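Take a look at the structure set out below.
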Amino acid sequence: MASKEEKLSESLSTNVDNLSISPYGPARATVGEERPLSDEEIRKMTDFFHATMYLCLGMIYLKENPLLREPLTVDHLKRRLLGHWGSDAGQSFTYIHMNRLIKKYDLDAFFVSGPGHGAPAVLSNSYLEGVYSEVYPDKSEDVKGMQRFFKQFSFPGGIGSHATPETPGSLHEGGELGYSISHAFGAVFDHPNLIALTMVGDGESETGPLATSWHSTKFLNPITDGAVLPVLHLNGYKINNPTVLARVSHTELEALFIGYGWKPYFVEGDDLPTMHQAMAATMEQCVTEIRDYQKQARESGKAFRPRWPMIVLRTPKGWTAPRKLNGHFLEGFWRSHQVPIPNAVTNKTALQELEQWMRGYHPEKLFDESGALVPELKALAPTGLRRMSANPVTNGGSLRRKLHVPDFRAYGVEVKKGGITSLGSMSQFATFLRDVVKENQQHFRVFGPDETESNKLAAIYEAGKKVWMGDFFEEDADGGNLAFEGRVMEMLSEHTVEGWLEGYILSGRHGLLNSYEPFIHIIDSMVGQHCKWLEKCLEVEWRQKVASLNILLTATVWRQDHNGFTHQDPGFLDVVANKSPEVVRIYLPPDANCLLSVANHCLRSSNYVNVIVADKQEHLQFLDMEQAIAHCTKGVGRWEWASNDQGVEPDLVMASCGDVSTHESLAATALLREHFPELKIRFVNVVDLFKLIPEREHPHGLSDGEYKALFTEDKPVIFNFHSYPWLIHRLTYKRQGQYKLHVCGYKEKGNIDTPLELAIRNGTDRFSLAMDAIDRLPMLGNKGSAAREALRNEQIKAANYAFFEGVDPEELTKWSWPF
């Protein structure tokens, strides 16, 4: 292994101009010459650091002989070597220094591991501070326990290489990069004493979600919220490439973060004694600044936006690994990213190099005879709930308070007869949501990308304004609804607001995200990762249930005629439907009372991702409150008032799912009954989309008997669906009568159209639906041809009127149920 002097000389000889961005050499730091640590403290912190590094290697390589008390052989190694080494040292180094400050200042803190596959650093510290063994007694602090701890890592039946739900102290898995900062901020909102120490990988820092999340300081109130201390870990490389931020000058990097509104502190080098001094001084400076800002704001009662501190930590990739092996760079290069010696199982020399490296950490002096960490090192960690991997906030369900939800029935609309009265379902729902905000001022927030007003939810502002820590202008008082302290979180980054909401609920609170339907796709993968987190949590017995992640989609496809084709995409439902039936729910309430009933259920639920789709424009109202409650409780049902098959076999089933789709389906039913009074038509509406799945495949699914009772086995079904039609076929493909099911829905046809034009383009309008029914009713024979011709003529007339006048015919827009 190369000496420190050789490494520094090598760095200098490479390029003198790049010394300032080299990870090698004695520490270089923004904080001056402070030396807060004694030589004895440095020795102990170095030994603790080496103990964590030893455990990180042990997790990657060993299944036996955990403390190398006999010569290392191939039989001691796992046959498949999996895991990531490169970011572990920097993360563990930072974790250890936070432990010192937790003990000194009695801090309430937890750790967010942003770098991909960075779990070994988190796991090793959790194990050494005793939490892991408390949670998993078989992973005890002795030789046998350490062997089990090593073997389970990236091993069948064990745990993954991210900070998965099985990891104590984790609320951020990091399987997909980019969300560490937004999750951290979500966790500290309304947690005034909490500090989220957040490691940001320099590969992760290249993602779009991470880039926007740096702006989160503009929404952090130093009176009511905690703080995030980001540590940008510049270790220089991703899997096989340099990282962007590790190859720019100090001036550029500093300017970047000053421009974001942060106060960056630099700590760089690889010489452990000087790096310990620099990191100790720097982190203490940051924590002191955070506490001073909070003290100033809280004592004065005047909120303001500080330049919060952050740290740029530059250390070698795979720090403490051999600099070179077999003539190739390892430490400080991309080869240390994953398994640093990948051929140890098959190459005797490589095995010897691995053993030499691991013994270089001197496990015999770090662990006692039983295999436990020696007492003087154990004493470096905090105790009890002050240990970061034991912080209750990371098991948010244990802190979750019951949401105070007012009686939703009091917000209902009067419906004397279905399909007659029009009003805005979303505006009505907003009054209910306003009072949810009012009753839960410390543990409920509404999130969204600048669309709360547009989505007709402005009533919320009566209970909580939009949080804004930026500058204020005079005109903001004229309807800006901005405040230092509020309950609405808006930023035009779906990634960031979704990350905030996830962090907020994972740390024990409640919330809702509202968004335009077409652009919710921006967070497809984020929602998918949250679904995976929730599903895995169901398998971890000590994980307490958290509040559901509630997503309200509005500005829907069928009312995006004015914005055009780009704004017409209901496909998020397909994405959610792919996830585990244990954790996802999709609701499409047809009117205001159903929306209130569904929202009440979702806000009270836990451990789900609930998606509610409801348009924000005025629509016909169909069910009174009593009917709506019954209908939503069932999730799907026959509407008596819209059907005429009482006591007889229906000739046709007209079905719908979605508010606009239901309107058109009812209008089609009325047209059919006008032209063919003898037809017996059953009208069925679906609120809970997963009712269509057989009960054996989804807990909400209908039994075959229940499905048959609604849809029959042999009668034609014309199903008008809010989204893409093939999703309904997919959900019902095992049902009897599938060959009789004709689904209409969005087919990627759209432009700047009127609502009716858009429906006609996609075959979801009343005329198309009625003609589809005629085509599938053999009992009509040729006598349906005249009616079909008349319907086609009406359709052409309406389309031409819209084309020339720019609006749909009034007799169609003001249609109401005639029977």
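Order determines the names: the first chain of the structure tokens is A, the second B, and so forth; residues in each chain are numbered 1 upward, and ligands are numbered 1 upward as they are shown.
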
Spatial neighbours of Asn455 in chain A, 7 Å, only C-alpha atoms, chain gap at least 6 places, as a list in words: Thr554, Ala555 and Lys616 of chain A

When DSSP works through the backbone of this structure, what residues of range 400-473 of chain A end up as strand (DSSP E or B), shown as number ranges by chain? A: 422-424, 444-448, 466-467

Smallest atom-to-atom distance to Gln627 in chain A: which of A:Gly32, A:Pro778, A:Gly412, A:Gly701, using only C-alpha atoms?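 Ranked by minimum distance to Gln627 in chain A, first place goes to A:Gly412.
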
Atom pair CA of Asp808 in chain A + CA of Ile774 in chain A, distance 24.6 Å

If we count only C-alpha atoms and set the cut-off at 12 Å, which residues sit around His510 in chain A, ignoring sequence neighbours fewer than 3 positions away in its own chain? Please answer as an MDAnalysis selection string. chainID A and resid 186:187 189:190 396:397 399:405 436:437 440:447 487 500:507 513 545:550 602:607

Excluding same-chain residues fewer than 6 positions from Lys103 in chain A, what lies within 10 Å of it counting only C-alpha atoms, as a list in words? Leu380, Ala381, Pro382, Thr383, Arg386 and Arg387 of chain A

Go ahead and compute the interatomic distance for CA of His362 in chain A and CA of Leu68 in chain A, in Å to one decimal.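 These atoms are spaced 9.9 Å apart.
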
Closest to Ser22 in chain A among A:Phe333, A:Tyr293, A:Trp639, A:Trp262, using only C-alpha atoms? A:Phe333
